[in-house]
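See below for start.pdb, which holds PDB, C-alpha atoms.
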```pdb
ATOM      1  CA  MET A 894      85.310  38.043 115.088  1.00  0.00           C
ATOM      2  CA  THR A 895      83.370  36.088 112.504  1.00  0.00           C
ATOM      3  CA  ILE A 896      80.186  34.181 111.803  1.00  0.00           C
ATOM      4  CA  ILE A 897      80.354  31.316 109.306  1.00  0.00           C
ATOM      5  CA  VAL A 898      77.278  30.164 107.412  1.00  0.00           C
ATOM      6  CA  ALA A 899      77.121  26.778 105.713  1.00  0.00           C
ATOM      7  CA  GLY A 900      75.654  27.857 102.396  1.00  0.00           C
ATOM      8  CA  SER A 901      73.516  25.668 100.166  1.00  0.00           C
ATOM      9  CA  ASP A 902      71.009  26.271  97.396  1.00  0.00           C
ATOM     10  CA  THR A 903      68.040  24.901  99.340  1.00  0.00           C
ATOM     11  CA  PRO A 904      65.207  26.538 101.298  1.00  0.00           C
ATOM     12  CA  ALA A 905      67.039  25.662 104.516  1.00  0.00           C
ATOM     13  CA  GLY A 906      70.276  27.101 103.130  1.00  0.00           C
ATOM     14  CA  HIS A 907      68.567  30.344 102.102  1.00  0.00           C
ATOM     15  CA  ALA A 908      66.994  30.652 105.571  1.00  0.00           C
ATOM     16  CA  ALA A 909      70.403  30.084 107.192  1.00  0.00           C
ATOM     17  CA  LEU A 910      72.027  32.715 104.991  1.00  0.00           C
ATOM     18  CA  ALA A 911      69.339  35.309 105.782  1.00  0.00           C
ATOM     19  CA  TYR A 912      69.647  34.576 109.501  1.00  0.00           C
ATOM     20  CA  ALA A 913      73.452  34.715 109.375  1.00  0.00           C
ATOM     21  CA  VAL A 914      73.377  38.143 107.720  1.00  0.00           C
ATOM     22  CA  GLU A 915      71.084  39.481 110.442  1.00  0.00           C
ATOM     23  CA  GLU A 916      73.166  37.863 113.193  1.00  0.00           C
ATOM     24  CA  ALA A 917      76.417  39.275 111.785  1.00  0.00           C
ATOM     25  CA  ARG A 918      74.781  42.697 111.531  1.00  0.00           C
ATOM     26  CA  ARG A 919      73.528  42.451 115.123  1.00  0.00           C
ATOM     27  CA  ARG A 920      76.938  41.375 116.444  1.00  0.00           C
ATOM     28  CA  GLN A 921      78.830  43.707 114.065  1.00  0.00           C
ATOM     29  CA  VAL A 922      81.212  40.971 112.899  1.00  0.00           C
ATOM     30  CA  ASP A 923      82.491  39.615 109.594  1.00  0.00           C
ATOM     31  CA  LEU A 924      80.415  37.057 107.720  1.00  0.00           C
ATOM     32  CA  VAL A 925      81.963  34.103 105.887  1.00  0.00           C
ATOM     33  CA  VAL A 926      79.774  32.163 103.468  1.00  0.00           C
ATOM     34  CA  PHE A 927      81.020  28.601 102.981  1.00  0.00           C
ATOM     35  CA  PRO A 928      79.064  26.823 100.217  1.00  0.00           C
ATOM     36  CA  ILE A 929      78.967  23.125 101.057  1.00  0.00           C
ATOM     37  CA  ASP A 930      77.023  22.003  97.986  1.00  0.00           C
ATOM     38  CA  GLY A 931      79.056  23.589  95.204  1.00  0.00           C
ATOM     39  CA  SER A 932      76.571  26.416  94.707  1.00  0.00           C
ATOM     40  CA  THR A 933      77.649  29.992  94.095  1.00  0.00           C
ATOM     41  CA  VAL A 934      76.588  32.898  96.252  1.00  0.00           C
ATOM     42  CA  ASP A 935      76.301  36.452  94.961  1.00  0.00           C
ATOM     43  CA  ILE A 936      77.434  38.339  98.054  1.00  0.00           C
ATOM     44  CA  SER A 937      76.543  41.683  96.468  1.00  0.00           C
ATOM     45  CA  THR A 938      72.854  40.857  97.030  1.00  0.00           C
ATOM     46  CA  LEU A 939      73.219  40.265 100.764  1.00  0.00           C
ATOM     47  CA  GLY A 940      73.244  43.920 101.764  1.00  0.00           C
ATOM     48  CA  TYR A 941      75.961  43.425 104.344  1.00  0.00           C
ATOM     49  CA  GLU A 942      79.663  44.229 104.596  1.00  0.00           C
ATOM     50  CA  PRO A 943      82.152  42.783 105.426  1.00  0.00           C
ATOM     51  CA  VAL A 944      81.320  39.456 103.841  1.00  0.00           C
ATOM     52  CA  ARG A 945      83.415  36.985 101.890  1.00  0.00           C
ATOM     53  CA  VAL A 946      83.063  33.535 100.380  1.00  0.00           C
ATOM     54  CA  GLU A 947      85.429  30.757 101.350  1.00  0.00           C
ATOM     55  CA  GLU A 948      85.296  27.729  99.074  1.00  0.00           C
ATOM     56  CA  PRO A 949      86.029  24.111  99.987  1.00  0.00           C
ATOM     57  CA  ALA A 950      89.358  22.814  98.726  1.00  0.00           C
ATOM     58  CA  GLU A 951      89.159  22.341  94.959  1.00  0.00           C
ATOM     59  CA  ARG A 952      90.055  18.664  95.026  1.00  0.00           C
ATOM     60  CA  SER A 953      88.251  17.867  98.250  1.00  0.00           C
ATOM     61  CA  GLN A 954      85.695  15.085  98.460  1.00  0.00           C
ATOM     62  CA  ASP A 955      84.304  16.383 101.762  1.00  0.00           C
ATOM     63  CA  ALA A 956      83.082  19.984 101.793  1.00  0.00           C
ATOM     64  CA  VAL A 957      81.650  19.583 105.286  1.00  0.00           C
ATOM     65  CA  GLY A 958      85.053  18.410 106.542  1.00  0.00           C
ATOM     66  CA  ASP A 959      86.585  21.489 104.913  1.00  0.00           C
ATOM     67  CA  LEU A 960      84.013  23.637 106.748  1.00  0.00           C
ATOM     68  CA  ILE A 961      84.949  21.986 110.053  1.00  0.00           C
ATOM     69  CA  ASP A 962      88.610  22.728 109.278  1.00  0.00           C
ATOM     70  CA  ALA A 963      87.695  26.373 108.554  1.00  0.00           C
ATOM     71  CA  VAL A 964      85.924  26.580 111.920  1.00  0.00           C
ATOM     72  CA  GLU A 965      89.092  25.330 113.608  1.00  0.00           C
ATOM     73  CA  ARG A 966      91.201  27.868 111.724  1.00  0.00           C
ATOM     74  CA  MET A 967      88.943  30.916 112.168  1.00  0.00           C
ATOM     75  CA  THR A 968      87.440  30.271 115.633  1.00  0.00           C
ATOM     76  CA  PRO A 969      84.155  32.023 114.782  1.00  0.00           C
ATOM     77  CA  GLN A 970      81.618  33.279 117.279  1.00  0.00           C
ATOM     78  CA  ALA A 971      79.040  30.972 115.685  1.00  0.00           C
ATOM     79  CA  VAL A 972      78.309  28.681 112.762  1.00  0.00           C
ATOM     80  CA  VAL A 973      74.873  28.978 111.140  1.00  0.00           C
ATOM     81  CA  VAL A 974      73.430  25.995 109.313  1.00  0.00           C
ATOM     82  CA  GLY A 975      70.046  25.359 107.721  1.00  0.00           C
ATOM     83  CA  VAL A 976      68.125  22.231 108.671  1.00  0.00           C
ATOM     84  CA  ARG A 977      65.032  20.564 107.348  1.00  0.00           C
ATOM     85  CA  GLN A 978      62.494  18.582 109.278  1.00  0.00           C
ATOM     86  CA  ARG A 979      63.058  14.814 109.257  1.00  0.00           C
ATOM     87  CA  SER A 980      61.304  11.973 110.994  1.00  0.00           C
ATOM     88  CA  PRO A 981      63.038  10.220 113.902  1.00  0.00           C
ATOM     89  CA  VAL A 982      63.627   7.184 111.677  1.00  0.00           C
ATOM     90  CA  GLY A 983      65.123   9.415 108.980  1.00  0.00           C
ATOM     91  CA  LYS A 984      67.454  10.947 111.552  1.00  0.00           C
ATOM     92  CA  PHE A 985      68.536   7.508 112.699  1.00  0.00           C
ATOM     93  CA  PHE A 986      69.263   6.025 109.271  1.00  0.00           C
ATOM     94  CA  LEU A 987      70.405   9.015 107.266  1.00  0.00           C
ATOM     95  CA  GLY A 988      73.266  11.290 108.231  1.00  0.00           C
ATOM     96  CA  SER A 989      73.318  14.872 107.076  1.00  0.00           C
ATOM     97  CA  ALA A 990      75.756  17.690 106.590  1.00  0.00           C
ATOM     98  CA  ALA A 991      73.964  19.705 109.283  1.00  0.00           C
ATOM     99  CA  GLN A 992      74.227  16.848 111.757  1.00  0.00           C
ATOM    100  CA  GLN A 993      77.953  16.463 111.099  1.00  0.00           C
ATOM    101  CA  ILE A 994      78.497  20.208 111.580  1.00  0.00           C
ATOM    102  CA  ILE A 995      76.475  20.218 114.809  1.00  0.00           C
ATOM    103  CA  LEU A 996      78.438  17.293 116.221  1.00  0.00           C
ATOM    104  CA  GLU A 997      81.948  18.217 115.085  1.00  0.00           C
ATOM    105  CA  ALA A 998      82.225  22.023 115.041  1.00  0.00           C
ATOM    106  CA  ASN A 999      84.194  23.506 117.925  1.00  0.00           C
ATOM    107  CA  ALA A1000      82.017  26.616 117.968  1.00  0.00           C
ATOM    108  CA  PRO A1001      78.397  27.327 118.857  1.00  0.00           C
ATOM    109  CA  VAL A1002      76.109  26.132 116.057  1.00  0.00           C
ATOM    110  CA  ILE A1003      72.853  27.941 115.307  1.00  0.00           C
ATOM    111  CA  THR A1004      70.350  25.857 113.344  1.00  0.00           C
ATOM    112  CA  VAL A1005      67.699  27.547 111.232  1.00  0.00           C
ATOM    113  CA  LYS A1006      64.583  26.019 109.661  1.00  0.00           C
ATOM    114  CA  PRO A1007      62.973  27.552 106.572  1.00  0.00           C
ATOM    115  CA  ALA A1008      59.606  29.244 106.999  1.00  0.00           C
ATOM    116  CA  ARG A1009      56.640  27.084 106.084  1.00  0.00           C
TER
END
```
With the file now loaded, output its structure as structure tokens.
Amino acid sequence: MTIIVAGSDTPAGHAALAYAVEEARRRQVDLVVFPIDGSTVDISTLGYEPVRVEEPAERSQDAVGDLIDAVERMTPQAVVVGVRQRSPVGKFFLGSAAQQIILEANAPVITVKPAR
């Protein structure tokens, strides 16, 4: 079994990655880091095995769509995604990668906020 984390180089993304490592360790499953913002992740610093990075398609315009496709292909136990606090108006007018993952992933989605 697997846990997928939507990686990004943001405070929310770092919080999601840390949580995903602990969750994978607790469940004793593989961890897949899927960077949705083009960032690179040094998996040697995570302190967990087995872990691997799966990149969006090289020519893709939609990394989040590629993540959703990966969820379909891998059927993970959970998807971990970092979220930031937004106002209700901001949620209404502005979409987000996290919102798309929450709505479209066919797996349980765990959302993680960064510490204040």
### Summary
Of A:Pro949, A:Pro943, A:Pro1001, A:Pro928, the one sitting nearest Ala899 (chain A) when using all atoms listed in the file is A:Pro928
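CA of Val944 (chain A) sits 16.6 Å away from CA of Gly906 (chain A).
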### Task
Rounded to one decimal place, report the CA of Ala908 (chain A)-CA of Val925 (chain A) distance in Å.
15.4 Å
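Comparing the minimum interatomic distances between Val972 (chain A) and each of A:Gln992, A:Ser937, A:Ser953, A:Thr1004, counting all atoms listed in the file, we find that A:Thr1004 sits nearest.
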#### Entry: Chain and number of each residue from the PyMOL selection byres ((chain A and resi 909) around 7), as an NGL selection string
:A and (898 or 905-908 or 910-913 or 973-975 or 1005)
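One finds CA of Ile897 (chain A) at 9.6 Å from CA of Val946 (chain A).
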#### Entry: Pick from A:Asp923, A:Glu951, A:Glu915, A:Asp930 nearest to Gln970 (chain A), counting only C-alpha atoms
A:Asp923
Per-axis box centre and lengths in Å around region 953-968 of chain A, 6 Å margin per side, axis-aligned, as AutoDock Vina command-line options:
```
--center_x 86.4 --center_y 23.0 --center_z 106.9 --size_x 21.6 --size_y 27.8 --size_z 29.4
```
### Polymer residues at most 8 Å from Ile961 (chain A), all atoms listed in the file, same-chain spacing of 4 or more positions, as a ChimeraX atom specification
/A:957,965,994,997-998
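Nearest residue to Thr938 (chain A), choosing from A:Pro1007, A:Val914, A:Gln921, A:Gln954 and counting only C-alpha atoms: A:Val914.
Across A:Val976, A:Met894, A:Val926, A:Val964, the tightest approach to Ala1000 (chain A) is made by A:Val964 when counting only C-alpha atoms.
Candidate residues A:Ala971, A:Arg918, A:Ser989, A:Gly958 were compared for distance to Tyr941 (chain A), and the nearest is A:Arg918, using only C-alpha atoms.
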Can you rebuild region 933-968 of chain A with N, CA and C atoms and give it as a PDB file, in the coordinates of the input?
```
ATOM      1  N   THR A 933      76.983  28.696  94.037  1.00  0.00           N
ATOM      2  CA  THR A 933      77.649  29.992  94.095  1.00  0.00           C
ATOM      3  C   THR A 933      76.734  30.981  94.793  1.00  0.00           C
ATOM      4  N   VAL A 934      77.338  31.896  95.498  1.00  0.00           N
ATOM      5  CA  VAL A 934      76.588  32.898  96.252  1.00  0.00           C
ATOM      6  C   VAL A 934      77.009  34.271  95.767  1.00  0.00           C
ATOM      7  N   ASP A 935      76.033  35.075  95.368  1.00  0.00           N
ATOM      8  CA  ASP A 935      76.301  36.452  94.961  1.00  0.00           C
ATOM      9  C   ASP A 935      76.242  37.326  96.209  1.00  0.00           C
ATOM     10  N   ILE A 936      77.401  37.601  96.791  1.00  0.00           N
ATOM     11  CA  ILE A 936      77.434  38.339  98.054  1.00  0.00           C
ATOM     12  C   ILE A 936      77.001  39.793  97.902  1.00  0.00           C
ATOM     13  N   SER A 937      76.979  40.295  96.671  1.00  0.00           N
ATOM     14  CA  SER A 937      76.543  41.683  96.468  1.00  0.00           C
ATOM     15  C   SER A 937      75.053  41.850  96.763  1.00  0.00           C
ATOM     16  N   THR A 938      74.292  40.772  96.778  1.00  0.00           N
ATOM     17  CA  THR A 938      72.854  40.857  97.030  1.00  0.00           C
ATOM     18  C   THR A 938      72.506  40.737  98.508  1.00  0.00           C
ATOM     19  N   LEU A 939      73.494  40.492  99.354  1.00  0.00           N
ATOM     20  CA  LEU A 939      73.219  40.265 100.764  1.00  0.00           C
ATOM     21  C   LEU A 939      72.946  41.549 101.544  1.00  0.00           C
ATOM     22  N   GLY A 940      73.469  42.660 101.060  1.00  0.00           N
ATOM     23  CA  GLY A 940      73.244  43.920 101.764  1.00  0.00           C
ATOM     24  C   GLY A 940      74.004  44.015 103.070  1.00  0.00           C
ATOM     25  N   TYR A 941      75.150  43.377 103.130  1.00  0.00           N
ATOM     26  CA  TYR A 941      75.961  43.425 104.344  1.00  0.00           C
ATOM     27  C   TYR A 941      77.427  43.432 103.975  1.00  0.00           C
ATOM     28  N   GLU A 942      78.199  44.206 104.702  1.00  0.00           N
ATOM     29  CA  GLU A 942      79.663  44.229 104.596  1.00  0.00           C
ATOM     30  C   GLU A 942      80.196  44.174 106.010  1.00  0.00           C
ATOM     31  N   PRO A 943      81.274  43.553 106.293  1.00  0.00           N
ATOM     32  CA  PRO A 943      82.152  42.783 105.426  1.00  0.00           C
ATOM     33  C   PRO A 943      81.689  41.333 105.324  1.00  0.00           C
ATOM     34  N   VAL A 944      81.686  40.842 104.113  1.00  0.00           N
ATOM     35  CA  VAL A 944      81.320  39.456 103.841  1.00  0.00           C
ATOM     36  C   VAL A 944      82.261  38.905 102.775  1.00  0.00           C
ATOM     37  N   ARG A 945      82.593  37.631 102.910  1.00  0.00           N
ATOM     38  CA  ARG A 945      83.415  36.985 101.890  1.00  0.00           C
ATOM     39  C   ARG A 945      82.984  35.532 101.753  1.00  0.00           C
ATOM     40  N   VAL A 946      83.353  34.939 100.640  1.00  0.00           N
ATOM     41  CA  VAL A 946      83.063  33.535 100.380  1.00  0.00           C
ATOM     42  C   VAL A 946      84.354  32.754 100.530  1.00  0.00           C
ATOM     43  N   GLU A 947      84.294  31.684 101.263  1.00  0.00           N
ATOM     44  CA  GLU A 947      85.429  30.757 101.350  1.00  0.00           C
ATOM     45  C   GLU A 947      84.963  29.429 100.777  1.00  0.00           C
ATOM     46  N   GLU A 948      85.668  28.956  99.775  1.00  0.00           N
ATOM     47  CA  GLU A 948      85.296  27.729  99.074  1.00  0.00           C
ATOM     48  C   GLU A 948      85.977  26.519  99.705  1.00  0.00           C
ATOM     49  N   PRO A 949      85.329  25.348  99.592  1.00  0.00           N
ATOM     50  CA  PRO A 949      86.029  24.111  99.987  1.00  0.00           C
ATOM     51  C   PRO A 949      87.240  23.906  99.089  1.00  0.00           C
ATOM     52  N   ALA A 950      88.176  23.112  99.540  1.00  0.00           N
ATOM     53  CA  ALA A 950      89.358  22.814  98.726  1.00  0.00           C
ATOM     54  C   ALA A 950      88.915  22.258  97.374  1.00  0.00           C
ATOM     55  N   GLU A 951      89.578  22.687  96.316  1.00  0.00           N
ATOM     56  CA  GLU A 951      89.159  22.341  94.959  1.00  0.00           C
ATOM     57  C   GLU A 951      89.085  20.834  94.723  1.00  0.00           C
ATOM     58  N   ARG A 952      90.017  20.108  95.261  1.00  0.00           N
ATOM     59  CA  ARG A 952      90.055  18.664  95.026  1.00  0.00           C
ATOM     60  C   ARG A 952      89.438  17.861  96.163  1.00  0.00           C
ATOM     61  N   SER A 953      88.801  18.534  97.077  1.00  0.00           N
ATOM     62  CA  SER A 953      88.251  17.867  98.250  1.00  0.00           C
ATOM     63  C   SER A 953      87.018  17.038  97.900  1.00  0.00           C
ATOM     64  N   GLN A 954      86.879  15.931  98.581  1.00  0.00           N
ATOM     65  CA  GLN A 954      85.695  15.085  98.460  1.00  0.00           C
ATOM     66  C   GLN A 954      84.712  15.351  99.600  1.00  0.00           C
ATOM     67  N   ASP A 955      85.103  16.180 100.561  1.00  0.00           N
ATOM     68  CA  ASP A 955      84.304  16.383 101.762  1.00  0.00           C
ATOM     69  C   ASP A 955      84.223  17.867 102.107  1.00  0.00           C
ATOM     70  N   ALA A 956      83.240  18.549 101.539  1.00  0.00           N
ATOM     71  CA  ALA A 956      83.082  19.984 101.793  1.00  0.00           C
ATOM     72  C   ALA A 956      82.754  20.264 103.251  1.00  0.00           C
ATOM     73  N   VAL A 957      81.988  19.382 103.879  1.00  0.00           N
ATOM     74  CA  VAL A 957      81.650  19.583 105.286  1.00  0.00           C
ATOM     75  C   VAL A 957      82.917  19.468 106.146  1.00  0.00           C
ATOM     76  N   GLY A 958      83.776  18.517 105.828  1.00  0.00           N
ATOM     77  CA  GLY A 958      85.053  18.410 106.542  1.00  0.00           C
ATOM     78  C   GLY A 958      85.895  19.656 106.364  1.00  0.00           C
ATOM     79  N   ASP A 959      85.863  20.240 105.151  1.00  0.00           N
ATOM     80  CA  ASP A 959      86.585  21.489 104.913  1.00  0.00           C
ATOM     81  C   ASP A 959      85.989  22.625 105.749  1.00  0.00           C
ATOM     82  N   LEU A 960      84.663  22.632 105.900  1.00  0.00           N
ATOM     83  CA  LEU A 960      84.013  23.637 106.748  1.00  0.00           C
ATOM     84  C   LEU A 960      84.458  23.470 108.200  1.00  0.00           C
ATOM     85  N   ILE A 961      84.500  22.239 108.677  1.00  0.00           N
ATOM     86  CA  ILE A 961      84.949  21.986 110.053  1.00  0.00           C
ATOM     87  C   ILE A 961      86.390  22.475 110.223  1.00  0.00           C
ATOM     88  N   ASP A 962      87.233  22.229 109.226  1.00  0.00           N
ATOM     89  CA  ASP A 962      88.610  22.728 109.278  1.00  0.00           C
ATOM     90  C   ASP A 962      88.642  24.255 109.321  1.00  0.00           C
ATOM     91  N   ALA A 963      87.768  24.909 108.551  1.00  0.00           N
ATOM     92  CA  ALA A 963      87.695  26.373 108.554  1.00  0.00           C
ATOM     93  C   ALA A 963      87.271  26.896 109.923  1.00  0.00           C
ATOM     94  N   VAL A 964      86.349  26.192 110.572  1.00  0.00           N
ATOM     95  CA  VAL A 964      85.924  26.580 111.920  1.00  0.00           C
ATOM     96  C   VAL A 964      87.111  26.505 112.876  1.00  0.00           C
ATOM     97  N   GLU A 965      87.901  25.460 112.764  1.00  0.00           N
ATOM     98  CA  GLU A 965      89.092  25.330 113.608  1.00  0.00           C
ATOM     99  C   GLU A 965      90.070  26.480 113.359  1.00  0.00           C
ATOM    100  N   ARG A 966      90.231  26.837 112.112  1.00  0.00           N
ATOM    101  CA  ARG A 966      91.201  27.868 111.724  1.00  0.00           C
ATOM    102  C   ARG A 966      90.740  29.265 112.123  1.00  0.00           C
ATOM    103  N   MET A 967      89.456  29.551 111.958  1.00  0.00           N
ATOM    104  CA  MET A 967      88.943  30.916 112.168  1.00  0.00           C
ATOM    105  C   MET A 967      88.417  31.175 113.571  1.00  0.00           C
ATOM    106  N   THR A 968      88.089  30.151 114.326  1.00  0.00           N
ATOM    107  CA  THR A 968      87.440  30.271 115.633  1.00  0.00           C
ATOM    108  C   THR A 968      86.320  31.320 115.624  1.00  0.00           C
TER     109      THR A 968
END
```
